[in-house]
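Listing of final21.txt; format and content: compact mmCIF, C-alpha atoms.
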# COMPACT_ATOMS: atom_id res chain seq x y z
CA MET A 1072 108.22 -81.30 153.52
CA CYS A 1073 104.61 -80.17 153.97
CA ILE A 1074 105.53 -76.57 153.05
CA VAL A 1075 106.89 -77.81 149.69
CA ILE A 1076 103.90 -80.11 149.18
CA GLY A 1077 101.50 -77.23 149.95
CA PHE A 1078 103.20 -74.97 147.42
CA LEU A 1079 103.17 -77.57 144.62
CA ALA A 1080 99.60 -78.60 145.46
CA ALA A 1081 98.35 -75.02 145.06
CA LEU A 1082 99.92 -74.80 141.59
CA ALA A 1083 98.67 -78.20 140.44
CA GLY A 1084 95.18 -78.02 141.96
CA VAL A 1085 95.74 -81.17 144.03
CA GLY A 1086 95.10 -81.58 147.73
CA GLY A 1087 98.68 -82.43 148.68
CA ALA A 1088 97.82 -85.85 150.11
CA VAL A 1089 98.66 -87.39 146.73
CA LEU A 1090 102.32 -86.69 147.61
CA PHE A 1091 102.09 -86.81 151.40
CA THR A 1092 100.49 -90.25 151.72
CA PRO A 1093 102.90 -92.19 149.44
CA ILE A 1094 105.95 -90.46 150.99
CA MET A 1095 104.82 -91.25 154.54
CA MET A 1096 103.95 -94.84 153.65
CA ALA A 1097 107.33 -95.25 151.94
CA PHE A 1098 109.65 -93.75 154.53
CA THR A 1099 107.95 -94.13 157.93
CA SER A 1100 106.53 -96.97 160.01
CA ILE A 1101 103.42 -94.99 160.98
CA ASN A 1102 100.12 -96.89 160.82
CA THR A 1103 98.59 -96.65 157.31
CA ASP A 1104 95.16 -95.62 158.63
CA VAL A 1105 96.78 -92.73 160.53
CA ILE A 1106 98.66 -91.67 157.39
CA ARG A 1107 95.52 -91.77 155.25
CA THR A 1108 93.58 -89.78 157.84
CA THR A 1109 96.30 -87.14 158.07
CA GLY A 1110 96.58 -87.04 154.28
CA LEU A 1111 92.89 -86.26 153.90
CA ALA A 1112 93.11 -83.70 156.73
CA ILE A 1113 95.97 -81.73 155.18
CA ALA A 1114 94.33 -81.94 151.75
CA THR A 1115 91.17 -80.44 153.26
CA VAL A 1116 93.02 -77.68 155.13
CA GLY A 1117 95.19 -76.75 152.14
CA SER A 1118 92.13 -76.64 149.91
CA LEU A 1119 90.22 -74.42 152.35
CA ILE A 1120 93.13 -71.94 152.37
CA ALA A 1121 93.32 -71.89 148.57
CA SER A 1122 89.54 -71.72 148.09
CA ARG A 1123 89.27 -68.21 149.49
CA GLN A 1124 91.84 -66.89 147.03
CA TYR A 1125 90.67 -68.79 143.94
CA LEU A 1126 86.97 -68.01 144.43
CA GLY A 1127 87.77 -64.38 145.20
CA LYS A 1128 89.74 -64.02 141.97
CA GLY A 1129 87.04 -65.78 139.92
CA LEU A 1130 89.53 -68.44 138.89
CA ALA A 1131 87.52 -71.31 140.40
CA ASN A 1132 84.13 -71.90 138.77
CA PHE A 1133 81.55 -72.04 141.57
CA ASN A 1134 78.81 -73.47 139.32
CA ALA A 1135 81.05 -76.38 138.34
CA ILE A 1136 81.62 -77.05 142.04
CA ILE A 1137 77.87 -77.11 142.74
CA LEU A 1138 77.37 -79.56 139.87
CA THR A 1139 80.09 -82.02 140.87
CA ALA A 1140 80.28 -81.77 144.68
CA ILE A 1141 77.43 -84.17 145.54
CA PRO A 1142 78.54 -87.23 143.49
CA TYR A 1143 82.16 -86.68 144.52
CA THR A 1144 81.42 -86.30 148.26
CA ILE A 1145 79.04 -89.27 148.51
CA SER A 1146 81.44 -91.58 146.67
CA ALA A 1147 84.39 -90.32 148.77
CA ILE A 1148 82.55 -91.31 151.96
CA LEU A 1149 81.77 -94.74 150.48
CA GLY A 1150 85.41 -95.05 149.41
CA ALA A 1151 86.64 -94.32 152.94
CA ILE A 1152 84.34 -97.02 154.36
CA LEU A 1153 85.53 -99.45 151.68
CA GLY A 1154 89.19 -98.56 152.30
CA LEU A 1155 88.94 -99.40 156.00
CA GLU A 1156 87.11 -102.64 155.15
CA ILE A 1157 89.78 -103.67 152.63
CA THR A 1158 92.49 -103.08 155.23
CA ARG A 1159 90.65 -105.27 157.74
CA SER A 1160 89.41 -108.05 155.45
CA PHE A 1161 91.65 -108.53 152.40
CA GLY A 1162 95.06 -107.52 153.66
CA ASN A 1163 97.86 -106.31 151.43
CA THR A 1164 96.90 -108.20 148.26
CA GLY A 1165 93.57 -106.46 147.71
CA VAL A 1166 95.09 -103.05 148.33
CA ALA A 1167 97.99 -103.84 145.97
CA ILE A 1168 95.63 -104.70 143.10
CA ILE A 1169 93.78 -101.40 143.48
CA ARG A 1170 97.05 -99.47 143.72
CA LEU A 1171 98.29 -101.09 140.52
CA GLY A 1172 95.10 -100.15 138.66
CA LEU A 1173 95.35 -96.60 140.01
CA ALA A 1174 98.97 -96.30 138.85
CA ILE A 1175 98.05 -97.47 135.33
CA LEU A 1176 95.17 -94.98 135.19
CA MET A 1177 97.45 -92.11 136.22
CA LEU A 1178 100.00 -92.99 133.53
CA PHE A 1179 97.18 -93.01 130.97
CA ILE A 1180 96.16 -89.50 132.06
CA VAL A 1181 99.79 -88.31 131.85
CA GLY A 1182 99.88 -89.71 128.32
CA LEU A 1183 96.80 -87.65 127.41
CA PHE A 1184 98.40 -84.48 128.80
CA LEU A 1185 101.60 -85.12 126.84
CA TRP A 1186 99.73 -86.07 123.64
CA LYS A 1187 97.38 -83.09 123.65
CA GLY A 1188 100.07 -80.65 124.79
CA LYS A 1189 98.92 -77.03 124.65
CA GLN A 1190 95.42 -78.11 123.60
CA VAL A 1191 94.65 -78.81 127.27
CA ASP A 1192 95.72 -75.34 128.46
CA ILE A 1193 92.59 -73.68 127.05
CA PRO A 1194 90.59 -76.49 125.37
CA ASN A 1195 88.49 -75.86 122.26
CA PRO A 1196 85.33 -77.99 122.45
CA PRO A 1197 83.47 -78.88 119.21
CA ALA A 1198 81.47 -75.83 118.14
CA ASN A 1199 78.35 -77.85 117.30
CA LYS A 1200 78.24 -79.78 120.58
CA ASP A 1201 75.60 -78.62 123.06
CA ASP A 1202 75.24 -79.73 126.68
CA ARG A 1203 71.90 -79.13 128.39
CA ILE A 1204 73.25 -79.62 131.94
CA ALA A 1205 76.07 -77.16 131.23
CA ARG A 1206 73.51 -74.58 130.12
CA ILE A 1207 71.41 -75.09 133.26
CA PHE A 1208 74.48 -74.54 135.46
CA GLN A 1209 75.67 -71.58 133.34
CA LEU A 1210 78.78 -73.40 132.17
CA ALA A 1211 78.05 -72.97 128.46
CA ASP A 1212 79.37 -69.39 128.40
CA ALA A 1213 81.79 -68.95 131.30
CA ARG A 1214 84.87 -66.74 131.47
CA TYR A 1215 87.87 -65.85 133.61
CA TYR A 1216 90.75 -63.38 133.48
CA GLU A 1217 94.02 -65.04 132.43
CA GLU A 1218 96.59 -62.91 134.23
CA SER A 1219 99.61 -64.38 132.41
CA LEU A 1220 98.06 -63.38 129.04
CA LYS A 1221 96.36 -60.17 130.27
CA THR A 1222 93.09 -61.18 128.63
CA VAL A 1223 89.62 -62.56 129.40
CA VAL A 1224 89.19 -66.19 128.31
CA THR A 1225 85.71 -67.48 127.38
CA TYR A 1226 85.01 -71.19 127.62
CA LYS A 1227 82.15 -73.71 127.74
CA ALA A 1228 81.79 -77.08 129.44
CA ILE A 1229 80.57 -80.21 127.64
CA ASN A 1230 80.30 -83.95 128.44
CA THR A 1231 78.87 -83.19 131.90
CA VAL A 1232 77.21 -86.62 132.25
CA TRP A 1233 80.51 -88.39 131.62
CA GLY A 1234 82.16 -85.94 133.99
CA LEU A 1235 79.71 -86.76 136.79
CA LEU A 1236 80.28 -90.49 136.31
CA CYS A 1237 84.03 -89.91 136.47
CA PHE A 1238 83.65 -87.92 139.69
CA MET A 1239 81.88 -90.85 141.32
CA GLY A 1240 84.85 -93.08 140.54
CA VAL A 1241 87.36 -90.41 141.57
CA GLY A 1242 85.64 -89.88 144.94
CA LEU A 1243 85.66 -93.63 145.60
CA ILE A 1244 89.41 -93.83 144.99
CA SER A 1245 90.10 -90.67 147.00
CA GLY A 1246 88.33 -91.92 150.10
CA MET A 1247 89.73 -95.44 149.78
CA PHE A 1248 93.41 -94.42 149.74
CA GLY A 1249 93.30 -91.12 151.60
CA VAL A 1250 95.28 -89.48 148.79
CA GLY A 1251 92.90 -86.68 147.90
CA ALA A 1252 91.87 -86.60 144.26
CA GLY A 1253 93.16 -83.42 142.65
CA TRP A 1254 95.37 -85.53 140.36
CA ALA A 1255 92.15 -86.96 138.86
CA ILE A 1256 89.73 -84.04 139.35
CA VAL A 1257 91.88 -81.71 137.24
CA PRO A 1258 91.99 -84.09 134.21
CA VAL A 1259 88.23 -84.75 134.46
CA TYR A 1260 87.44 -81.03 134.46
CA ASN A 1261 90.02 -80.34 131.76
CA LEU A 1262 90.08 -83.37 129.44
CA VAL A 1263 86.48 -84.58 129.83
CA MET A 1264 84.50 -81.39 130.51
CA TYR A 1265 86.82 -79.00 128.59
CA LEU A 1266 87.42 -76.43 131.34
CA PRO A 1267 90.68 -74.44 130.90
CA LEU A 1268 93.57 -75.96 132.83
CA LYS A 1269 93.93 -73.12 135.35
CA VAL A 1270 90.18 -73.09 135.99
CA ALA A 1271 90.28 -76.87 136.40
CA ALA A 1272 93.15 -76.66 138.91
CA ALA A 1273 91.55 -73.86 140.94
CA THR A 1274 88.09 -75.47 140.92
CA SER A 1275 89.66 -78.77 141.95
CA LYS A 1276 91.13 -77.19 145.09
CA VAL A 1277 87.72 -75.93 146.19
CA LEU A 1278 86.00 -79.25 145.47
CA ILE A 1279 88.60 -81.15 147.51
CA ALA A 1280 87.76 -78.99 150.53
CA ILE A 1281 84.14 -80.16 150.28
CA GLY A 1282 84.47 -83.82 149.30
CA ASP A 1283 87.44 -84.88 151.43
CA THR A 1284 85.79 -83.50 154.58
CA GLY A 1285 83.11 -86.19 154.31
CA ALA A 1286 85.65 -88.96 153.81
CA LEU A 1287 87.81 -87.61 156.65
CA TRP A 1288 85.05 -88.10 159.22
CA VAL A 1289 84.91 -91.82 158.47
CA TYR A 1290 88.58 -92.15 159.44
CA ILE A 1291 88.17 -89.88 162.47
CA ASN A 1292 85.31 -92.05 163.74
CA SER A 1293 87.60 -95.08 163.46
CA GLY A 1294 90.07 -93.40 165.86
CA ALA A 1295 92.79 -92.82 163.27
CA LEU A 1296 93.35 -89.07 163.88
CA VAL A 1297 96.55 -88.42 165.90
CA PHE A 1298 96.92 -84.72 166.75
CA PRO A 1299 100.70 -84.64 167.58
CA PHE A 1300 101.33 -85.97 164.06
CA LEU A 1301 98.63 -83.86 162.40
CA VAL A 1302 99.50 -80.40 163.76
CA PRO A 1303 103.00 -79.86 162.24
CA CYS A 1304 101.78 -81.28 158.93
CA VAL A 1305 98.84 -78.85 158.84
CA ILE A 1306 101.04 -75.86 159.71
CA GLY A 1307 103.40 -76.74 156.86
CA MET A 1308 100.52 -77.15 154.40
CA VAL A 1309 99.03 -73.77 155.37
CA LEU A 1310 102.34 -71.95 154.85
CA GLY A 1311 103.07 -73.68 151.54
CA THR A 1312 99.55 -73.18 150.19
CA GLU A 1313 99.56 -69.47 151.04
CA MET A 1314 102.71 -69.06 148.95
CA GLY A 1315 101.40 -71.20 146.11
CA VAL A 1316 98.05 -69.41 145.67
CA ARG A 1317 99.82 -66.05 145.37
CA VAL A 1318 102.10 -67.37 142.63
CA MET A 1319 99.61 -69.49 140.65
CA PRO A 1320 97.58 -66.74 138.86
CA ARG A 1321 100.77 -65.20 137.43
CA VAL A 1322 102.37 -68.47 136.33
CA LYS A 1323 102.14 -69.52 132.69
CA VAL A 1324 99.56 -72.23 132.03
CA SER A 1325 102.24 -74.53 130.58
CA VAL A 1326 104.07 -74.47 133.94
CA VAL A 1327 100.89 -75.59 135.72
CA ARG A 1328 100.52 -78.40 133.17
CA TRP A 1329 104.05 -79.68 133.79
CA VAL A 1330 103.62 -79.49 137.58
CA ILE A 1331 100.53 -81.69 137.26
CA ILE A 1332 102.38 -84.16 135.00
CA ILE A 1333 105.32 -84.42 137.41
CA VAL A 1334 103.01 -84.92 140.42
CA MET A 1335 101.22 -87.72 138.57
CA LEU A 1336 104.45 -89.43 137.46
CA VAL A 1337 105.92 -89.36 140.98
CA THR A 1338 102.73 -90.72 142.47
CA SER A 1339 102.22 -93.47 139.89
CA ALA A 1340 105.84 -94.60 140.29
CA ARG A 1341 105.33 -94.88 144.03
CA LEU A 1342 102.08 -96.83 143.55
CA PHE A 1343 103.85 -99.30 141.23
CA GLN A 1344 106.63 -99.65 143.80
CA GLN A 1345 104.09 -100.45 146.51
CA ALA A 1346 101.93 -102.83 144.47
CA ILE A 1347 104.29 -105.00 142.41
CA PRO A 1348 106.36 -106.57 145.25
CA VAL A 1349 103.15 -107.64 147.02
CA LEU A 1350 101.54 -109.09 143.89
CA MET A 1351 104.74 -110.90 142.89
CA GLY A 1352 105.12 -112.37 146.36
CA TRP A 1353 108.36 -110.52 147.10
CA SER A 1354 106.96 -109.10 150.33
CA ALA A 1355 104.27 -110.05 152.78
Could you render the structure from this file as structure tokens?
Amino acid sequence: MCIVIGFLAALAGVGGAVLFTPIMMAFTSINTDVIRTTGLAIATVGSLIASRQYLGKGLANFNAIILTAIPYTISAILGAILGLEITRSFGNTGVAIIRLGLAILMLFIVGLFLWKGKQVDIPNPPANKDDRIARIFQLADARYYEESLKTVVTYKAINTVWGLLCFMGVGLISGMFGVGAGWAIVPVYNLVMYLPLKVAAATSKVLIAIGDTGALWVYINSGALVFPFLVPCVIGMVLGTEMGVRVMPRVKVSVVRWVIIIVMLVTSARLFQQAIPVLMGWSA
């Protein structure tokens, strides 16, 4: 299962925990803190494997990572602390409310991807819109080689302030649920900051390797890391990610878009399934 998750995660720019955590919570009786810890661990490992390839090929934008890593990492650590506190203090109801809100948000993002269609593959920001922060971080005139089109694509980032605010919220959710955050990082880079979809996916993988490490230590310190469970999951993620990063540069951008949409739909459906029975009083 982790080999498949690693392959899909490399294509979509997600950490893999966004699939791993809901599946494990749905079909096993393993402690939820252990699952969340393992989810963040495999997301981190898979992202570290992919980072070498994506940075080496120039597909991931290192300046965008520098800009967004600090707000994402700090909020991910706070989210992990909050997630453990919710589990201890508020029980299933509090978690269910947050899951329901997360599921609605993901469906909204899917709707944007479907509505904008090919516009999100290589976004065209307004020509007259200038972003001072983007200029400082050399994101106003960036480029990458699009292998599927055999051409160099030039792009510029905008709305960086809104992007940074979004990353604070994304990090909080990532740490709280142990699901990684590639499903949200990619849309923020792509729909808010106007990075091309492939660049957004590749940059997301590198950022996850940084931010989720901070959140992971909070769970490790709580004693929720179980090595006999972690090791086979990590091995599967490494194998799957290695295959995915070799395929991703050659895949058409539209394929990457649909992989991201499917990952989001599967995850949001699972979140609804987890939240609604608790909120309706159908389960304890």
*Neighbours of segment 1283-1295 of chain A within 7 Å (all atoms listed in the file; same-chain residues fewer than 3 positions away dropped), as a list of chain:residue names?*
A:Asp1104, A:Val1105, A:Thr1108, A:Leu1111, A:Ala1112, A:Thr1115, A:Thr1144, A:Ala1147, A:Ile1148, A:Ala1151, A:Ile1152, A:Gly1246, A:Gly1251, A:Ile1279, A:Ala1280
Pick out the residues sitting within 9 Å of Tyr1260 of chain A, and hand them over as an mmCIF file with C-alpha atoms, in the coordinates of the input; count only C-alpha atoms, and ignore anything fewer than 3 positions along from it in its own chain.
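New file selection06.cif:
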data_model
loop_
_atom_site.group_PDB
_atom_site.id
_atom_site.type_symbol
_atom_site.label_atom_id
_atom_site.label_comp_id
_atom_site.auth_asym_id
_atom_site.auth_seq_id
_atom_site.Cartn_x
_atom_site.Cartn_y
_atom_site.Cartn_z
ATOM 1 C CA ALA A 1135 81.050 -76.380 138.340
ATOM 2 C CA ALA A 1228 81.790 -77.080 129.440
ATOM 3 C CA GLY A 1234 82.160 -85.940 133.990
ATOM 4 C CA ALA A 1255 92.150 -86.960 138.860
ATOM 5 C CA ILE A 1256 89.730 -84.040 139.350
ATOM 6 C CA VAL A 1257 91.880 -81.710 137.240
ATOM 7 C CA VAL A 1263 86.480 -84.580 129.830
ATOM 8 C CA MET A 1264 84.500 -81.390 130.510
ATOM 9 C CA TYR A 1265 86.820 -79.000 128.590
ATOM 10 C CA LEU A 1266 87.420 -76.430 131.340
ATOM 11 C CA PRO A 1267 90.680 -74.440 130.900
ATOM 12 C CA LEU A 1268 93.570 -75.960 132.830
ATOM 13 C CA VAL A 1270 90.180 -73.090 135.990
ATOM 14 C CA ALA A 1271 90.280 -76.870 136.400
ATOM 15 C CA ALA A 1272 93.150 -76.660 138.910
ATOM 16 C CA THR A 1274 88.090 -75.470 140.920
ATOM 17 C CA SER A 1275 89.660 -78.770 141.950
#
Sorted by chain and rising residue number, which residues of segment 1128-1199 of chain A lie within 7 Å of segment 1312-1335 of chain A, and what are their closest atom pairs and distances in Å to one decimal, counting only C-alpha atoms, as a tab-separated table?
residue	atom	partner	partner_atom	distance
A:Met1177	CA	A:Met1335	CA	6.2
A:Val1181	CA	A:Ile1332	CA	5.8
A:Asp1192	CA	A:Val1324	CA	6.1
*Distance of atom CA of Gly1182 of chain A from atom CA of Lys1227 of chain A, expressed in Å to one decimal place*: 23.9 Å
*Could you please determine the separation between atom CA of Phe1078 of chain A and atom CA of Leu1210 of chain A in Å, to one decimal place?*
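These atoms are spaced 28.8 Å apart.
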*atom CA of Ile1193 of chain A and atom CA of Ala1140 of chain A, how far apart in Å?*
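The value is 23.0 Å.
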*Have a look at A:Ala1211, A:Ala1252, A:Ile1306, A:Ala1088 and name the one nearest to Ser1146 of chain A; count only C-alpha atoms.*
A:Ala1252
